[in-house]
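Down below is the structure, laid out as structure tokens.
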Amino acid sequence: MVEHTENRRTFRDRMARCGKDACYTYAKRRLPILSWLRAYTFPWLLQDVLAGFTVGLTAIPQGIAYGIVAGLSPEYGLYASFMASFVYIIFGSCKSITIGPTAIMATMIRPLVLNYNADMVVLLSFLKGCIIAMLGLFHLGFLLDFISLPVITGFTAAAAINIAASQFKPLLGISGRSEDLVDSLISVFSNLSNIRYQDTLLGVVTIVALVVCKNLPGRRSGTWPQKIAWSVTLGRNALVVIAGTVVAYIFYMNGQEPFQLTGSLGNGLPPFGPPPFTISVNNHTYNFVETTTIMGTTLISVSVVSTIEHMAIAKAFAMGKSLDATQEMLALGLCNVCGSFVRSMPVTGSFTRTAVNHSSGVKTTLGGIFTGCLVLLASSLLTSTFRFIPKATLAGLIICAMYYMLDFETYRVLWRAKKIDFLLMLITLLFCVFLKLEWGIIIGIILNLLVLLYFSARPPVYTEIEQVEDKALIRVVPEETVTFPAAENFRTKIMKLSEENSCNVQLDCKNLKRIDVTVAKNLKLLSNDLRLRGQTIVCINCHNNVQDVLKTIAPDLQITS
């Protein structure tokens, strides 16, 4: 009796330990901060501080610029920069990733802003975050695998072209906004007489300065001149904005205003509160259902594109480590959900700021706290200064950033490797540029799936006529697995060959790793049709699972090893 009681106690103790261990393991997986916080050291802190402030110097001018691209007041870009930095510290699993506003997100939400107001995109950020987090928790990230590299490449190129084109007017000092490439070109050529040489000169100088700074021969661990050049390269966005602002302010102090300026920002820090679930526009109030209906495909496309953009960056900077896609999707979703409580526009991983973070030698995601604090400081104390930022400077910054988004090496590889993939990329790009980003990527995905289905329905088949014991025999070797879309075409092709050559058929199944019921049924019909013509079909080199299906569906089919 005593022994039995001891065994029960031991079992309960083991179960308790297993339960605690399992809970702690799960907590570490869902809260990655628990994995590195114990081992955190002071040298790491110095690296994270350096990286965090360096990224902040890039995030501030980019946030203002992308807020303008989205059609929002500039401060919305700053609101989107700090909350995501704080949330990712806790939930992020990739130390280099920096989440915030991006050019693609800004241009995708721009129509909603122009047609309605900022409340619409704040709610969009909340809903998008919920969708991405749920996709991650239910392990549905594999659905993104159906969006191929050519489609993503075409979409990204189109977004870069449209965003850059939307900045032609502010670069040239022409008032007004442009929606896309065509609209921008028409507006520019219709207003050639309104071009301001002061803004144009400042914008061109900004672009030249950014290109020169990006290509400085700097090294982080080199000589002092190399270290200075490296610092200038990393902080080039902030430097050109500061320089442009100083120039504009000097002119302002002398009673002149030669440049078009950004204007005043909002009143410091954003209000904290839940996103608006009802939207009021032009004396009309839209309830939650009406608002989501208005969002339409934008809600889905923004969620999908945001996740693709983030996961691509995470894979690029995982540095050989395994990537927990579920955790990254959960982190991205929570960044958007929490951001909506501080009036954030939709956010995702930023390639530019992530590259800066990585180059700065960041050790953990704690660097985000210094980025977020710097952005908060700028939001609260420097709002009066931001009004002096010239629009041409921001336009030059955006155009330069968009140029570097164009991946010419990938275009070359697609052209040389497979022309149909290049064609898919080009079609996606054209539809995104001349129609709409959301419709362009949908059309690209559909065309890509149609191509995939076509090749699935027409798999390559090798055939040859052999002489076996003075008899002609057609040897048929599928070069890959045959699935149900190809079943009828496969049967018809063999029937035609056997009829033209009056030969028996030998089907070599060595490349068939699996087979479905539809294909097996068609092979049974093929066997019956050949038998009526006095011909036979023999299956050889069948894998066990293929053989089991054939014996079940077509027991009369001749199978040999």
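Naming works like this for the structure tokens: A, B, ... for the chains as they're shown, residue 1 at the start of each chain, ligands 1 onward in shown order.
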Residues of region 434-483 of chain A in helix (DSSP H, G or I), written as a ChimeraX atom specification: /A:434,437-457
Which residues come within 10 Å of Glu328 (chain A), counting only C-alpha atoms, excluding same-chain residues fewer than 5 positions away, as a PDB file with C-alpha atoms, in the first residue's frame?
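Writing done, so here's out_0.pdb:
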ATOM      1  CA  ARG A  30       5.994  32.586 -28.074  1.00  0.00           C
ATOM      2  CA  TYR A  88       8.753  43.413 -31.550  1.00  0.00           C
ATOM      3  CA  PHE A  91       7.576  38.859 -29.620  1.00  0.00           C
ATOM      4  CA  GLY A  92      10.166  39.086 -32.414  1.00  0.00           C
ATOM      5  CA  SER A  93      12.480  36.159 -33.117  1.00  0.00           C
ATOM      6  CA  CYS A  94      14.854  37.815 -35.627  1.00  0.00           C
ATOM      7  CA  ILE A 132      -1.999  37.913 -39.759  1.00  0.00           C
ATOM      8  CA  ALA A 133      -1.857  36.796 -36.106  1.00  0.00           C
ATOM      9  CA  GLY A 136       0.166  32.429 -37.790  1.00  0.00           C
ATOM     10  CA  THR A 307       3.288  39.154 -44.581  1.00  0.00           C
ATOM     11  CA  HIS A 310       8.088  40.685 -43.710  1.00  0.00           C
ATOM     12  CA  MET A 311       8.822  36.972 -44.185  1.00  0.00           C
ATOM     13  CA  ALA A 314      13.175  37.713 -42.028  1.00  0.00           C
ATOM     14  CA  LEU A 323      13.014  30.742 -38.797  1.00  0.00           C
ATOM     15  CA  GLY A 333       0.128  40.822 -36.296  1.00  0.00           C
ATOM     16  CA  LEU A 334       0.570  42.091 -32.731  1.00  0.00           C
TER      17      LEU A 334
END
Top pick for closest residue to Arg343 (chain A), considering A:Ser178, A:Ser81, A:Gln226, A:Thr41 and counting only C-alpha atoms: A:Ser81
Could you pull out the residues in region 385-555 of chain A that DSSP calls strand (DSSP E or B) from the backbone, as a PDB file with N, CA and C atoms, in the first residue's frame?
ATOM      1  N   PRO A 390      11.799  70.576 -46.498  1.00  0.00           N
ATOM      2  CA  PRO A 390      11.323  70.816 -47.871  1.00  0.00           C
ATOM      3  C   PRO A 390      10.713  69.546 -48.475  1.00  0.00           C
ATOM      4  N   VAL A 461       6.545  13.486 -71.060  1.00  0.00           N
ATOM      5  CA  VAL A 461       6.573  12.022 -71.133  1.00  0.00           C
ATOM      6  C   VAL A 461       7.581  11.601 -72.197  1.00  0.00           C
ATOM      7  N   TYR A 462       8.497  10.707 -71.814  1.00  0.00           N
ATOM      8  CA  TYR A 462       9.499  10.190 -72.750  1.00  0.00           C
ATOM      9  C   TYR A 462       8.981   8.885 -73.355  1.00  0.00           C
ATOM     10  N   THR A 463       9.058   8.771 -74.682  1.00  0.00           N
ATOM     11  CA  THR A 463       8.606   7.539 -75.348  1.00  0.00           C
ATOM     12  C   THR A 463       9.667   7.063 -76.337  1.00  0.00           C
ATOM     13  N   GLU A 464       9.758   5.739 -76.482  1.00  0.00           N
ATOM     14  CA  GLU A 464      10.647   5.155 -77.490  1.00  0.00           C
ATOM     15  C   GLU A 464      10.113   3.775 -77.864  1.00  0.00           C
ATOM     16  N   ILE A 465      10.430   3.363 -79.075  1.00  0.00           N
ATOM     17  CA  ILE A 465      10.008   2.042 -79.558  1.00  0.00           C
ATOM     18  C   ILE A 465      11.193   1.092 -79.456  1.00  0.00           C
ATOM     19  N   GLU A 466      10.998  -0.035 -78.740  1.00  0.00           N
ATOM     20  CA  GLU A 466      12.061  -1.015 -78.553  1.00  0.00           C
ATOM     21  C   GLU A 466      11.657  -2.342 -79.192  1.00  0.00           C
ATOM     22  N   GLN A 467      12.661  -3.151 -79.494  1.00  0.00           N
ATOM     23  CA  GLN A 467      12.438  -4.491 -80.004  1.00  0.00           C
ATOM     24  C   GLN A 467      12.696  -5.487 -78.880  1.00  0.00           C
ATOM     25  N   VAL A 468      11.678  -6.210 -78.488  1.00  0.00           N
ATOM     26  CA  VAL A 468      11.796  -7.205 -77.424  1.00  0.00           C
ATOM     27  C   VAL A 468      11.301  -8.539 -77.979  1.00  0.00           C
ATOM     28  N   LYS A 471       9.556  -8.433 -81.229  1.00  0.00           N
ATOM     29  CA  LYS A 471       8.282  -7.708 -81.224  1.00  0.00           C
ATOM     30  C   LYS A 471       8.543  -6.245 -80.861  1.00  0.00           C
ATOM     31  N   ALA A 472       7.808  -5.371 -81.540  1.00  0.00           N
ATOM     32  CA  ALA A 472       7.939  -3.940 -81.237  1.00  0.00           C
ATOM     33  C   ALA A 472       7.178  -3.617 -79.953  1.00  0.00           C
ATOM     34  N   LEU A 473       7.786  -2.773 -79.148  1.00  0.00           N
ATOM     35  CA  LEU A 473       7.177  -2.411 -77.863  1.00  0.00           C
ATOM     36  C   LEU A 473       7.377  -0.907 -77.624  1.00  0.00           C
ATOM     37  N   ILE A 474       6.294  -0.217 -77.279  1.00  0.00           N
ATOM     38  CA  ILE A 474       6.391   1.211 -76.964  1.00  0.00           C
ATOM     39  C   ILE A 474       6.690   1.363 -75.477  1.00  0.00           C
ATOM     40  N   ARG A 475       7.834   1.953 -75.178  1.00  0.00           N
ATOM     41  CA  ARG A 475       8.213   2.183 -73.786  1.00  0.00           C
ATOM     42  C   ARG A 475       7.862   3.630 -73.425  1.00  0.00           C
ATOM     43  N   VAL A 476       7.004   3.803 -72.425  1.00  0.00           N
ATOM     44  CA  VAL A 476       6.520   5.116 -71.992  1.00  0.00           C
ATOM     45  C   VAL A 476       7.075   5.403 -70.597  1.00  0.00           C
ATOM     46  N   VAL A 477       7.794   6.526 -70.459  1.00  0.00           N
ATOM     47  CA  VAL A 477       8.398   6.889 -69.166  1.00  0.00           C
ATOM     48  C   VAL A 477       7.964   8.311 -68.789  1.00  0.00           C
ATOM     49  N   PRO A 478       6.985   8.467 -67.876  1.00  0.00           N
ATOM     50  CA  PRO A 478       6.656   9.818 -67.385  1.00  0.00           C
ATOM     51  C   PRO A 478       7.865  10.403 -66.649  1.00  0.00           C
ATOM     52  N   ASN A 504       2.483  -3.166 -78.416  1.00  0.00           N
ATOM     53  CA  ASN A 504       2.142  -3.259 -77.001  1.00  0.00           C
ATOM     54  C   ASN A 504       2.829  -2.107 -76.248  1.00  0.00           C
ATOM     55  N   VAL A 505       2.378  -1.873 -75.007  1.00  0.00           N
ATOM     56  CA  VAL A 505       2.861  -0.722 -74.240  1.00  0.00           C
ATOM     57  C   VAL A 505       3.524  -1.206 -72.964  1.00  0.00           C
ATOM     58  N   GLN A 506       4.683  -0.617 -72.671  1.00  0.00           N
ATOM     59  CA  GLN A 506       5.352  -0.848 -71.388  1.00  0.00           C
ATOM     60  C   GLN A 506       5.456   0.507 -70.665  1.00  0.00           C
ATOM     61  N   LEU A 507       4.769   0.597 -69.522  1.00  0.00           N
ATOM     62  CA  LEU A 507       4.756   1.848 -68.756  1.00  0.00           C
ATOM     63  C   LEU A 507       5.771   1.744 -67.625  1.00  0.00           C
ATOM     64  N   ASP A 508       6.846   2.531 -67.728  1.00  0.00           N
ATOM     65  CA  ASP A 508       7.893   2.532 -66.701  1.00  0.00           C
ATOM     66  C   ASP A 508       7.518   3.568 -65.634  1.00  0.00           C
ATOM     67  N   ILE A 537      -0.769  -3.714 -71.960  1.00  0.00           N
ATOM     68  CA  ILE A 537       0.050  -2.726 -71.262  1.00  0.00           C
ATOM     69  C   ILE A 537       0.598  -3.374 -70.005  1.00  0.00           C
ATOM     70  N   VAL A 538       1.892  -3.168 -69.756  1.00  0.00           N
ATOM     71  CA  VAL A 538       2.554  -3.718 -68.579  1.00  0.00           C
ATOM     72  C   VAL A 538       3.201  -2.564 -67.812  1.00  0.00           C
ATOM     73  N   CYS A 539       2.975  -2.540 -66.510  1.00  0.00           N
ATOM     74  CA  CYS A 539       3.586  -1.519 -65.654  1.00  0.00           C
ATOM     75  C   CYS A 539       4.803  -2.118 -64.957  1.00  0.00           C
ATOM     76  N   ILE A 540       5.937  -1.415 -65.030  1.00  0.00           N
ATOM     77  CA  ILE A 540       7.156  -1.903 -64.391  1.00  0.00           C
ATOM     78  C   ILE A 540       7.730  -0.827 -63.456  1.00  0.00           C
TER      79      ILE A 540
END
Thr291 (chain A) surroundings by only C-alpha atoms, 10 Å radius, close-in-sequence under 4 positions cut, as a ChimeraX atom specification: /A:120,123-124,277-279,285-287,295-296
Might you pull out every residue within 7 Å of region 395-402 of chain A, with only C-alpha atoms counted and same-chain residues fewer than 2 positions away left off, and present them as a CSV table (one decimal) with all heavy atoms, in the first residue's frame?
chain,number,residue,atom,x,y,z
A,160,ALA,N,7.4,50.3,-56.5
A,160,ALA,CA,8.5,51.2,-56.5
A,160,ALA,C,8.3,52.3,-57.6
A,160,ALA,O,8.6,53.5,-57.4
A,160,ALA,CB,9.8,50.5,-56.7
A,164,ALA,N,7.7,56.2,-56.8
A,164,ALA,CA,8.7,57.2,-57.3
A,164,ALA,C,8.0,58.2,-58.2
A,164,ALA,O,8.2,59.4,-58.1
A,164,ALA,CB,9.8,56.5,-58.0
A,167,GLN,N,6.2,61.1,-56.6
A,167,GLN,CA,7.0,62.2,-56.1
A,167,GLN,C,7.6,63.1,-57.1
A,167,GLN,O,8.3,64.1,-56.8
A,167,GLN,CB,8.2,61.6,-55.3
A,167,GLN,CG,7.7,60.7,-54.1
A,167,GLN,CD,6.8,61.4,-53.2
A,167,GLN,OE1,7.2,62.5,-52.6
A,167,GLN,NE2,5.6,60.9,-52.9
A,170,PRO,N,6.2,67.0,-56.3
A,170,PRO,CA,6.9,67.7,-55.3
A,170,PRO,C,8.4,67.9,-55.6
A,170,PRO,O,9.0,68.9,-55.1
A,170,PRO,CB,6.7,66.8,-54.0
A,170,PRO,CG,6.3,65.5,-54.5
A,170,PRO,CD,5.6,65.8,-55.8
A,171,LEU,N,9.0,67.0,-56.3
A,171,LEU,CA,10.4,67.1,-56.7
A,171,LEU,C,10.6,68.4,-57.6
A,171,LEU,O,11.6,69.1,-57.4
A,171,LEU,CB,10.9,65.9,-57.4
A,171,LEU,CG,12.4,65.9,-57.8
A,171,LEU,CD1,13.3,65.6,-56.6
A,171,LEU,CD2,12.7,64.9,-58.9
A,203,GLY,N,15.9,69.0,-54.9
A,203,GLY,CA,15.6,67.6,-55.0
A,203,GLY,C,16.7,66.8,-55.7
A,203,GLY,O,17.1,65.7,-55.3
A,204,VAL,N,17.3,67.4,-56.8
A,204,VAL,CA,18.4,66.7,-57.6
A,204,VAL,C,19.6,66.6,-56.7
A,204,VAL,O,20.3,65.6,-56.7
A,204,VAL,CB,18.7,67.5,-58.9
A,204,VAL,CG1,19.9,66.9,-59.5
A,204,VAL,CG2,17.5,67.4,-59.8
A,206,THR,N,19.7,66.5,-53.5
A,206,THR,CA,19.4,65.4,-52.5
A,206,THR,C,19.7,64.0,-53.0
A,206,THR,O,20.3,63.2,-52.3
A,206,THR,CB,17.9,65.6,-52.0
A,206,THR,OG1,17.7,66.8,-51.4
A,206,THR,CG2,17.6,64.5,-51.0
A,207,ILE,N,19.2,63.8,-54.2
A,207,ILE,CA,19.4,62.4,-54.8
A,207,ILE,C,20.9,62.2,-55.0
A,207,ILE,O,21.4,61.1,-54.7
A,207,ILE,CB,18.6,62.3,-56.2
A,207,ILE,CG1,17.1,62.4,-55.9
A,207,ILE,CG2,19.0,61.1,-56.9
A,207,ILE,CD1,16.3,62.4,-57.2
A,237,ASN,N,20.1,59.2,-44.8
A,237,ASN,CA,18.8,59.7,-44.9
A,237,ASN,C,18.5,60.9,-43.9
A,237,ASN,O,18.0,61.9,-44.3
A,237,ASN,CB,17.8,58.6,-44.6
A,237,ASN,CG,17.7,57.6,-45.7
A,237,ASN,OD1,18.0,57.9,-46.9
A,237,ASN,ND2,17.4,56.4,-45.4
A,391,LYS,N,9.6,69.7,-49.2
A,391,LYS,CA,9.0,68.6,-49.9
A,391,LYS,C,9.9,68.0,-50.9
A,391,LYS,O,9.9,66.7,-51.1
A,391,LYS,CB,7.7,69.0,-50.5
A,391,LYS,CG,6.6,69.3,-49.5
A,391,LYS,CD,5.3,69.7,-50.3
A,391,LYS,CE,4.2,70.0,-49.3
A,391,LYS,NZ,2.9,70.3,-50.0
A,392,ALA,N,10.7,68.8,-51.5
A,392,ALA,CA,11.7,68.3,-52.6
A,392,ALA,C,12.7,67.4,-51.9
A,392,ALA,O,13.1,66.4,-52.6
A,392,ALA,CB,12.3,69.5,-53.3
A,393,THR,N,13.1,67.6,-50.7
A,393,THR,CA,14.1,66.8,-50.0
A,393,THR,C,13.5,65.4,-49.8
A,393,THR,O,14.1,64.4,-50.0
A,393,THR,CB,14.5,67.4,-48.7
A,393,THR,OG1,15.2,68.7,-49.0
A,393,THR,CG2,15.5,66.5,-48.0
A,404,TYR,N,16.5,51.8,-55.5
A,404,TYR,CA,17.2,50.6,-54.9
A,404,TYR,C,16.3,49.4,-54.6
A,404,TYR,O,16.8,48.4,-54.3
A,404,TYR,CB,18.0,51.0,-53.6
A,404,TYR,CG,19.1,52.0,-53.9
A,404,TYR,CD1,19.2,53.3,-53.5
A,404,TYR,CD2,20.2,51.5,-54.7
A,404,TYR,CE1,20.2,54.1,-53.8
A,404,TYR,CE2,21.3,52.3,-55.0
A,404,TYR,CZ,21.3,53.6,-54.6
A,404,TYR,OH,22.3,54.4,-54.9
A,405,MET,N,15.0,49.7,-54.7
A,405,MET,CA,14.0,48.5,-54.6
A,405,MET,C,13.9,47.8,-55.9
A,405,MET,O,13.4,46.6,-55.9
A,405,MET,CB,12.6,49.0,-54.2
A,405,MET,CG,12.4,49.3,-52.7
A,405,MET,SD,10.8,49.9,-52.3
A,405,MET,CE,9.8,48.4,-52.8
A,406,LEU,N,14.4,48.4,-57.0
A,406,LEU,CA,14.3,47.7,-58.3
A,406,LEU,C,15.5,46.7,-58.3
A,406,LEU,O,16.7,47.0,-58.4
A,406,LEU,CB,14.5,48.7,-59.4
A,406,LEU,CG,13.3,49.7,-59.5
A,406,LEU,CD1,13.6,50.8,-60.6
A,406,LEU,CD2,12.0,49.1,-59.8
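Remark: for Ala238 (chain A), the closest of the candidate residues A:Val55, A:Met83, A:Ala325, A:Ile163 is A:Val55 (distances computed over only C-alpha atoms).
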Of the listed residues A:Thr428, A:Leu34, A:Ala331, A:Trp230, that which approaches Gly218 (chain A) most closely, counting only C-alpha atoms: A:Trp230
All residues 12 Å or closer to Ser125 (chain A), only C-alpha atoms, same chain fewer than 2 positions away omitted, as a VMD selection string: chain A and resid 80 84 100 to 101 105 to 106 109 118 to 123 127 to 132 274 to 277 292 295 298 to 300 302 to 303 306 332 to 348
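The environment of Asn191 (chain A) within 12 Å, counting only C-alpha atoms and disregarding residues fewer than 5 places along the same chain, consists of Phe168, Lys169, Leu172, Gly173, Ile174, Ser175, Gly176, Ser184, Leu185, Ile186 and Arg196 of chain A.
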For Ile313 (chain A): contacts at 9 Å, only C-alpha atoms, fewer than 4 positions along chain excluded, given as a ChimeraX atom specification: /A:97,308-309,317-318,349-351,354
Output the selection as a CSV table (one decimal), in the first residue's frame - N, CA, C and O atoms for each residue.
chain,number,residue,atom,x,y,z
A,97,ILE,N,15.5,42.4,-37.5
A,97,ILE,CA,14.2,43.0,-38.1
A,97,ILE,C,13.8,44.3,-37.5
A,97,ILE,O,13.8,44.4,-36.2
A,308,ILE,N,4.2,38.8,-46.8
A,308,ILE,CA,5.2,38.4,-47.8
A,308,ILE,C,6.5,39.2,-47.6
A,308,ILE,O,7.6,38.7,-47.5
A,309,GLU,N,6.3,40.5,-47.5
A,309,GLU,CA,7.4,41.4,-47.4
A,309,GLU,C,8.2,41.2,-46.1
A,309,GLU,O,9.4,41.1,-46.1
A,317,PHE,N,17.6,37.8,-43.4
A,317,PHE,CA,18.5,38.2,-42.3
A,317,PHE,C,18.5,37.2,-41.1
A,317,PHE,O,18.9,37.5,-40.0
A,318,ALA,N,18.0,36.0,-41.4
A,318,ALA,CA,18.0,34.9,-40.4
A,318,ALA,C,19.4,34.4,-40.2
A,318,ALA,O,19.8,33.8,-39.2
A,349,GLY,N,7.8,44.6,-42.0
A,349,GLY,CA,9.3,44.7,-41.9
A,349,GLY,C,9.8,45.6,-43.0
A,349,GLY,O,9.4,45.6,-44.1
A,350,SER,N,10.8,46.4,-42.6
A,350,SER,CA,11.4,47.4,-43.6
A,350,SER,C,12.8,46.8,-43.9
A,350,SER,O,13.7,46.6,-43.1
A,351,PHE,N,13.0,46.6,-45.3
A,351,PHE,CA,14.3,46.1,-45.7
A,351,PHE,C,15.4,47.1,-45.4
A,351,PHE,O,16.5,46.8,-44.9
A,354,THR,N,16.1,47.4,-41.7
A,354,THR,CA,16.7,46.2,-41.2
A,354,THR,C,18.1,46.0,-41.6
A,354,THR,O,19.0,45.5,-40.8
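The spacing separating CA of Thr223 (chain A) from CA of Gln62 (chain A) amounts to 29.7 Å.
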